[in-house]
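S.K.: Sharing a structure here in structure tokens format.
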Amino acid sequence: MATATAARTFTKAFPRSASSAASSLRLAARPSRDNAAKRFFQQSSRRHYSSAPEPAKKSSTGAIVGGAAAAALLAGGLWLYNSQGEVHLKSGSAGQSAGLITPTPADYQKVYDAVAKALWEHDEYEDGSYGPVLLRLAWHASGTYDAETGTGGSNGATMRFSPEADHGANAGLKNARDFLEPIKQQFPWISYSDLWILAGVCAVQEMQGPTIPWRPGRQDRDLSFCTPDGRLPDASKDQNHIRAIFGRMGFNDQEMVALSGAHALGRCHTDRSGYDGPWTFSPTVLTNDYYRLLLEEKWGWRKWNGPKQYEDLKTHSLMMLPTDMALIKDPIFKKYVEKYAKDNDAFFKDFSDAVVRLFELGVPFQSKAEDRMTFKTLEQ
Ligand code: HEM
């Protein structure tokens, strides 16, 4: 059985060519896990990223009514943990004798451990880890939030259903949802929406990122709560678009830059977004390399038969999206890029704070912020 020993590594970095050039570019991946493998990048058929323009906010009424109904139930003393017909009751209530449980932090740690163990065991996935795609699932579940109407966000796990599952921006996230299905079967009392976000937290922590405090309280919802297409960012756009999309969720400039540091992880796929390649040489270890590479490398348009993206001119093996490059074109964003490029601790702190906020968007918590729990990694 695989465990998280120091000998194991998620870090598999794959220059498309010239491994020596790549190693001279290699930045802050931590040495204990720094086991760069060589592999050629995948090329496959092309599909565009995202996103039709957003139609009228037709799901907002449903969301508000549903929210009110849930609030009424909660006010009546019930704790809802999922939408599978299971209503979990407060400790000492009649439901306990019917065999229903009230999950404790220790129960959630068990879920965390199961996700972490599966991450380590399923290293056959690209770059050796499902971590990046799990994080992307949690972000796309949360990033549909609209502060004005209170619709979308991590409450609901509506990406289980068409049409949301089929939105262009969500291409490829079935891998993450399917990965989590056995864990949902193992812990049927947790809602999909809590599980997806807990798994995003687990992915960040197991990929050596900062601790992300978490609390339960998300309720699964039916497909009438699916958000309209077009709420997630379109990578071909500029800084105005970034501000419009993240501003709609309630984030400020500094938080937008901090959240973007997630692109130290994972890669683009031609058969998902149409874009191709990783941002860093250690796509399964969270570091501030994304910011350092943005500033320190020379970037030019990649010449290829695909959507407009940048490549590093030294090794031609890394990529940046137009929206990534907007972070150094915009002078206010650039100040934060410079700050995080210099100071990994500052990045980790601000990333954690912003991710906590992202992951809680649209959730009608009964608990207080002080009730958040923190999970131990498998190694701790
Ligand atoms: C302007 C904002 C953003 C844009 C335009 C954007 C766009 C993209 C695109 C096009 C991909 C490639 C998808 C694929 O082909 O598989 C991607 C991957 C990814 N994004 Fe973002 N993203 C943004 C913000 C974020 C944020 C805020 C997070 C998390 C906090 C995030 C986390 C990730 C991760 C982890 C991957 C890698 C997924 C994988 O390897 O399968 N992104 N993003």
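Ordering of the structure tokens sets the chain letters (A, B, ...); residue numbers start at 1 within each chain; ligands are numbered from 1 in the order shown.
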Determine, counting only C-alpha atoms, which protein, DNA and RNA residues have an atom within 10 Å of an atom of Trp196 of chain A; residues of the same chain fewer than 5 positions away are not included. Present the result as a CSV table (one decimal) with N, CA and C atoms, in the first residue's frame.
M.R.:
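part.csv was written with the following content:
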chain,number,residue,atom,x,y,z
A,134,LEU,N,-8.3,17.8,-9.1
A,134,LEU,CA,-9.2,17.9,-8.0
A,134,LEU,C,-9.3,19.4,-7.5
A,135,LEU,N,-8.2,20.1,-7.5
A,135,LEU,CA,-8.3,21.5,-7.2
A,135,LEU,C,-9.1,22.2,-8.2
A,136,ARG,N,-9.0,21.9,-9.4
A,136,ARG,CA,-9.8,22.6,-10.4
A,136,ARG,C,-11.3,22.3,-10.3
A,137,LEU,N,-11.6,21.1,-9.9
A,137,LEU,CA,-13.0,20.8,-9.7
A,137,LEU,C,-13.6,21.7,-8.5
A,138,ALA,N,-12.8,21.8,-7.4
A,138,ALA,CA,-13.3,22.6,-6.3
A,138,ALA,C,-13.4,24.1,-6.7
A,139,TRP,N,-12.5,24.5,-7.5
A,139,TRP,CA,-12.5,26.0,-7.9
A,139,TRP,C,-13.7,26.2,-8.9
A,141,ALA,N,-16.4,24.5,-9.0
A,141,ALA,CA,-17.7,24.4,-8.3
A,141,ALA,C,-18.0,25.7,-7.6
A,142,SER,N,-16.9,26.4,-7.1
A,142,SER,CA,-17.1,27.6,-6.3
A,142,SER,C,-17.2,28.9,-7.1
A,154,SER,N,-20.0,27.1,-4.1
A,154,SER,CA,-19.7,25.7,-3.8
A,154,SER,C,-20.8,24.9,-3.2
A,157,ALA,N,-23.0,21.4,-5.6
A,157,ALA,CA,-22.4,20.4,-6.5
A,157,ALA,C,-23.2,20.1,-7.8
A,176,ALA,N,-12.1,14.1,-12.2
A,176,ALA,CA,-12.0,14.4,-10.8
A,176,ALA,C,-13.3,13.9,-10.1
A,177,ARG,N,-14.4,14.1,-10.7
A,177,ARG,CA,-15.7,13.6,-10.1
A,177,ARG,C,-15.7,12.1,-9.9
A,180,LEU,N,-13.5,10.8,-7.2
A,180,LEU,CA,-14.1,10.9,-5.8
A,180,LEU,C,-15.3,10.0,-5.5
A,184,LYS,N,-17.1,8.9,-1.9
A,184,LYS,CA,-18.5,9.2,-1.6
A,184,LYS,C,-19.2,7.9,-1.1
A,190,ILE,N,-21.5,12.3,3.8
A,190,ILE,CA,-21.0,13.6,3.4
A,190,ILE,C,-21.6,14.0,2.0
A,191,SER,N,-22.0,15.3,1.9
A,191,SER,CA,-22.6,15.7,0.6
A,191,SER,C,-21.5,15.8,-0.4
A,201,VAL,N,-9.1,21.0,-0.8
A,201,VAL,CA,-8.2,21.3,0.3
A,201,VAL,C,-7.1,20.2,0.4
A,202,CYS,N,-7.6,19.0,0.3
A,202,CYS,CA,-6.6,17.9,0.4
A,202,CYS,C,-5.6,18.0,-0.7
A,359,PHE,N,-13.8,28.9,-1.5
A,359,PHE,CA,-14.4,27.6,-1.2
A,359,PHE,C,-15.7,27.8,-0.4
S.K.: Any idea what's packed within 8 Å of segment 313-325 of chain A, counting only C-alpha atoms, ignoring anything in its chain fewer than 3 positions away? Could you give it as a VMD selection string?
M.R.: chain A and resid 15 to 18 21 to 22 234 to 239 242 260 276 to 281 294 297 to 300 308 to 310 328 to 329
S.K.: Which residue gives the smallest distance to ligand 1 among A:Leu119, A:Ala341, A:Leu295, A:Ala262, with only C-alpha atoms and all ligand atoms counted?
M.R.: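 Among the listed residues, the smallest separation from ligand 1 belongs to A:Ala262.
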S.K.: Report the distance between atom CA of Ala203 of chain A and atom CA of Asp343 of chain A in Å, rounded to one decimal place.
M.R.: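 For atom CA of Ala203 of chain A relative to atom CA of Asp343 of chain A, the distance reads 22.0 Å.
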S.K.: Which residues in segment 117-358 of chain A does DSSP call strand (DSSP E)? List them as a list in words.
M.R.: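 Written out, the strand (DSSP E) residues of segment 117-358 of chain A are Arg267, Cys268, Gly277, Pro278, Trp299, Gly300, Trp301, Tyr310, Glu311, Asp312, Met319 and Met320 of chain A.
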S.K.: Env of segment 345-352 of chain A: 12 Å cut, atoms = only C-alpha atoms, seq-sep filter 6 positions within chain, self excluded. Answer as a PyMOL selection string.
M.R.: chain A and resi 200-201+204-205+208-214+252-264+286-292+336-339+358-359+374
S.K.: Once you have the residues from the selection above, write them out as an mmCIF file, in the first residue's frame, restricted to N, CA and C atoms.
M.R.:
data_model
loop_
_atom_site.group_PDB
_atom_site.id
_atom_site.type_symbol
_atom_site.label_atom_id
_atom_site.label_comp_id
_atom_site.auth_asym_id
_atom_site.auth_seq_id
_atom_site.Cartn_x
_atom_site.Cartn_y
_atom_site.Cartn_z
ATOM 1 N N GLY A 200 -10.493 19.402 -2.646
ATOM 2 C CA GLY A 200 -9.648 20.506 -3.129
ATOM 3 C C GLY A 200 -8.651 20.926 -2.061
ATOM 4 N N VAL A 201 -9.121 20.994 -0.820
ATOM 5 C CA VAL A 201 -8.240 21.306 0.316
ATOM 6 C C VAL A 201 -7.148 20.246 0.425
ATOM 7 N N VAL A 204 -4.456 20.572 -2.303
ATOM 8 C CA VAL A 204 -3.486 21.654 -2.032
ATOM 9 C C VAL A 204 -2.493 21.205 -0.969
ATOM 10 N N GLN A 205 -3.011 20.656 0.118
ATOM 11 C CA GLN A 205 -2.116 20.286 1.234
ATOM 12 C C GLN A 205 -1.184 19.140 0.851
ATOM 13 N N GLN A 208 1.878 19.895 -1.028
ATOM 14 C CA GLN A 208 2.813 20.694 -0.240
ATOM 15 C C GLN A 208 2.472 22.169 -0.167
ATOM 16 N N GLY A 209 1.207 22.475 -0.414
ATOM 17 C CA GLY A 209 0.760 23.858 -0.266
ATOM 18 C C GLY A 209 0.430 24.163 1.185
ATOM 19 N N PRO A 210 -0.106 25.370 1.432
ATOM 20 C CA PRO A 210 -0.431 25.767 2.811
ATOM 21 C C PRO A 210 -1.659 25.025 3.336
ATOM 22 N N THR A 211 -1.818 25.081 4.639
ATOM 23 C CA THR A 211 -3.033 24.552 5.270
ATOM 24 C C THR A 211 -4.220 25.425 4.852
ATOM 25 N N ILE A 212 -5.319 24.751 4.513
ATOM 26 C CA ILE A 212 -6.539 25.481 4.124
ATOM 27 C C ILE A 212 -7.639 25.102 5.121
ATOM 28 N N PRO A 213 -7.940 25.989 6.074
ATOM 29 C CA PRO A 213 -9.024 25.681 7.016
ATOM 30 C C PRO A 213 -10.339 25.455 6.267
ATOM 31 N N TRP A 214 -11.162 24.562 6.827
ATOM 32 C CA TRP A 214 -12.368 24.101 6.108
ATOM 33 C C TRP A 214 -13.492 23.870 7.101
ATOM 34 N N ASN A 252 -10.912 41.080 -4.451
ATOM 35 C CA ASN A 252 -10.152 42.274 -4.832
ATOM 36 C C ASN A 252 -8.920 41.883 -5.658
ATOM 37 N N ASP A 253 -8.182 42.895 -6.129
ATOM 38 C CA ASP A 253 -7.045 42.652 -7.038
ATOM 39 C C ASP A 253 -6.007 41.708 -6.421
ATOM 40 N N GLN A 254 -5.673 41.964 -5.163
ATOM 41 C CA GLN A 254 -4.651 41.140 -4.507
ATOM 42 C C GLN A 254 -5.097 39.672 -4.440
ATOM 43 N N GLU A 255 -6.351 39.453 -4.126
ATOM 44 C CA GLU A 255 -6.864 38.073 -4.057
ATOM 45 C C GLU A 255 -6.861 37.419 -5.450
ATOM 46 N N MET A 256 -7.154 38.207 -6.465
ATOM 47 C CA MET A 256 -7.158 37.646 -7.831
ATOM 48 C C MET A 256 -5.769 37.127 -8.188
ATOM 49 N N VAL A 257 -4.750 37.904 -7.825
ATOM 50 C CA VAL A 257 -3.380 37.477 -8.148
ATOM 51 C C VAL A 257 -2.993 36.270 -7.282
ATOM 52 N N ALA A 258 -3.371 36.304 -6.020
ATOM 53 C CA ALA A 258 -3.029 35.174 -5.135
ATOM 54 C C ALA A 258 -3.671 33.885 -5.634
ATOM 55 N N LEU A 259 -4.938 33.951 -6.021
ATOM 56 C CA LEU A 259 -5.620 32.737 -6.496
ATOM 57 C C LEU A 259 -4.977 32.200 -7.770
ATOM 58 N N SER A 260 -4.501 33.109 -8.612
ATOM 59 C CA SER A 260 -3.919 32.683 -9.893
ATOM 60 C C SER A 260 -2.671 31.840 -9.704
ATOM 61 N N GLY A 261 -2.051 31.944 -8.535
ATOM 62 C CA GLY A 261 -0.848 31.138 -8.254
ATOM 63 C C GLY A 261 -1.123 29.641 -8.292
ATOM 64 N N ALA A 262 -2.403 29.267 -8.310
ATOM 65 C CA ALA A 262 -2.758 27.842 -8.463
ATOM 66 C C ALA A 262 -2.225 27.288 -9.773
ATOM 67 N N HIS A 263 -1.943 28.164 -10.724
ATOM 68 C CA HIS A 263 -1.421 27.678 -12.009
ATOM 69 C C HIS A 263 0.040 27.242 -11.928
ATOM 70 N N ALA A 264 0.609 27.250 -10.729
ATOM 71 C CA ALA A 264 1.860 26.497 -10.542
ATOM 72 C C ALA A 264 1.581 25.012 -10.736
ATOM 73 N N LEU A 286 2.961 22.690 -5.077
ATOM 74 C CA LEU A 286 2.600 24.114 -5.060
ATOM 75 C C LEU A 286 3.774 24.940 -4.541
ATOM 76 N N THR A 287 4.209 25.874 -5.370
ATOM 77 C CA THR A 287 5.258 26.831 -5.005
ATOM 78 C C THR A 287 4.870 28.168 -5.632
ATOM 79 N N ASN A 288 5.715 29.193 -5.405
ATOM 80 C CA ASN A 288 5.491 30.474 -6.072
ATOM 81 C C ASN A 288 6.171 30.528 -7.437
ATOM 82 N N ASP A 289 6.502 29.393 -8.007
ATOM 83 C CA ASP A 289 7.190 29.360 -9.303
ATOM 84 C C ASP A 289 6.407 30.051 -10.420
ATOM 85 N N TYR A 290 5.099 29.971 -10.343
ATOM 86 C CA TYR A 290 4.267 30.604 -11.381
ATOM 87 C C TYR A 290 4.640 32.089 -11.513
ATOM 88 N N TYR A 291 4.747 32.780 -10.373
ATOM 89 C CA TYR A 291 5.062 34.213 -10.404
ATOM 90 C C TYR A 291 6.499 34.445 -10.852
ATOM 91 N N ARG A 292 7.396 33.586 -10.357
ATOM 92 C CA ARG A 292 8.806 33.759 -10.704
ATOM 93 C C ARG A 292 9.008 33.560 -12.200
ATOM 94 N N TYR A 336 1.607 42.739 -7.145
ATOM 95 C CA TYR A 336 1.380 41.532 -6.336
ATOM 96 C C TYR A 336 2.159 40.337 -6.893
ATOM 97 N N VAL A 337 2.282 40.270 -8.215
ATOM 98 C CA VAL A 337 3.090 39.193 -8.804
ATOM 99 C C VAL A 337 4.523 39.314 -8.266
ATOM 100 N N GLU A 338 5.035 40.544 -8.229
ATOM 101 C CA GLU A 338 6.414 40.752 -7.744
ATOM 102 C C GLU A 338 6.527 40.358 -6.267
ATOM 103 N N LYS A 339 5.529 40.734 -5.506
ATOM 104 C CA LYS A 339 5.542 40.388 -4.068
ATOM 105 C C LYS A 339 5.582 38.867 -3.886
ATOM 106 N N LEU A 358 -12.920 31.578 -1.377
ATOM 107 C CA LEU A 358 -13.447 31.003 -2.623
ATOM 108 C C LEU A 358 -14.306 29.778 -2.336
ATOM 109 N N PHE A 359 -13.779 28.904 -1.491
ATOM 110 C CA PHE A 359 -14.439 27.620 -1.243
ATOM 111 C C PHE A 359 -15.706 27.757 -0.399
ATOM 112 N N THR A 374 -8.827 22.213 10.714
ATOM 113 C CA THR A 374 -7.687 22.034 9.812
ATOM 114 C C THR A 374 -7.335 20.556 9.780
#
S.K.: Can you pull out every residue within 10 Å of His122 of chain A, counting only C-alpha atoms, but drop anything in the same chain fewer than 5 positions away, and send it as a PDB file with N, CA and C atoms, in the first residue's frame?
M.R.:
ATOM      1  N   ALA A   2       0.495   2.176  -0.797  1.00  0.00           N
ATOM      2  CA  ALA A   2       1.315   3.374  -0.884  1.00  0.00           C
ATOM      3  C   ALA A   2       1.035   4.292   0.289  1.00  0.00           C
ATOM      4  N   LYS A 117      -4.958   9.242   0.517  1.00  0.00           N
ATOM      5  CA  LYS A 117      -4.442   7.906   0.217  1.00  0.00           C
ATOM      6  C   LYS A 117      -4.703   7.556  -1.256  1.00  0.00           C
ATOM      7  N   GLY A 128       1.544  12.027 -12.539  1.00  0.00           N
ATOM      8  CA  GLY A 128       1.600  11.264 -11.299  1.00  0.00           C
ATOM      9  C   GLY A 128       0.600  11.662 -10.246  1.00  0.00           C
ATOM     10  N   SER A 129      -0.340  12.549 -10.560  1.00  0.00           N
ATOM     11  CA  SER A 129      -1.264  12.969  -9.502  1.00  0.00           C
ATOM     12  C   SER A 129      -2.582  13.526 -10.036  1.00  0.00           C
ATOM     13  N   TYR A 130      -3.660  13.131  -9.368  1.00  0.00           N
ATOM     14  CA  TYR A 130      -4.974  13.728  -9.607  1.00  0.00           C
ATOM     15  C   TYR A 130      -5.107  15.083  -8.883  1.00  0.00           C
ATOM     16  N   PHE A 179     -13.054  10.154  -9.790  1.00  0.00           N
ATOM     17  CA  PHE A 179     -12.041   9.789  -8.799  1.00  0.00           C
ATOM     18  C   PHE A 179     -12.639   9.808  -7.389  1.00  0.00           C
TER      19      PHE A 179
END
S.K.: Could you check which of A:Pro103, A:Gly156, A:Pro216, A:Gly150 is closest to Trp189 of chain A, using only C-alpha atoms?
M.R.: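 Answer, going by the shortest atom-to-atom distance: A:Pro103.
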S.K.: Can you work out the spacing between atom CA of Phe187 of chain A and atom CA of Val111 of chain A in Å, to one decimal?
M.R.: 7.2 Å
S.K.: Which of these, A:Phe161, A:Phe246, A:Tyr145, A:Trp120, has the shortest distance to ligand 1 once you count only C-alpha atoms and all ligand atoms?
M.R.: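 Checking each of A:Phe161, A:Phe246, A:Tyr145, A:Trp120 against ligand 1, counting only C-alpha atoms and all ligand atoms, the winner is A:Phe246.
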S.K.: Please compute the atom CA of Ile183 of chain A-atom CA of Ala114 of chain A distance, one decimal, in Å.
M.R.: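 Atom CA of Ala114 of chain A lies at a distance of 6.9 Å from atom CA of Ile183 of chain A.
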S.K.: Between A:Gly217, A:Gly168, A:Gly362, A:Pro233, which is the closest to ligand 1 once you count only C-alpha atoms and all ligand atoms?
M.R.: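 Closest to ligand 1, using only C-alpha atoms and all ligand atoms: A:Pro233.
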S.K.: What are the DSSP helix (DSSP H, G or I) residues of segment 222-285 of chain A, as a ChimeraX atom specification?
M.R.: /A:223-225,239-249,253-264
S.K.: Which of these residues is nearest to ligand 1, using only C-alpha atoms and all ligand atoms: A:Asn155, A:Gln366, A:Thr144, A:Thr227?
M.R.: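 Of all the options, A:Thr144 lies closest to ligand 1.
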S.K.: From the set A:Asp194, A:Asp220, A:Glu126, A:Asp146, which residue has the shortest atom-to-atom contact distance to Arg160 of chain A, counting only C-alpha atoms?
M.R.: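 Counting only C-alpha atoms, the residue closest to Arg160 of chain A is A:Asp220.
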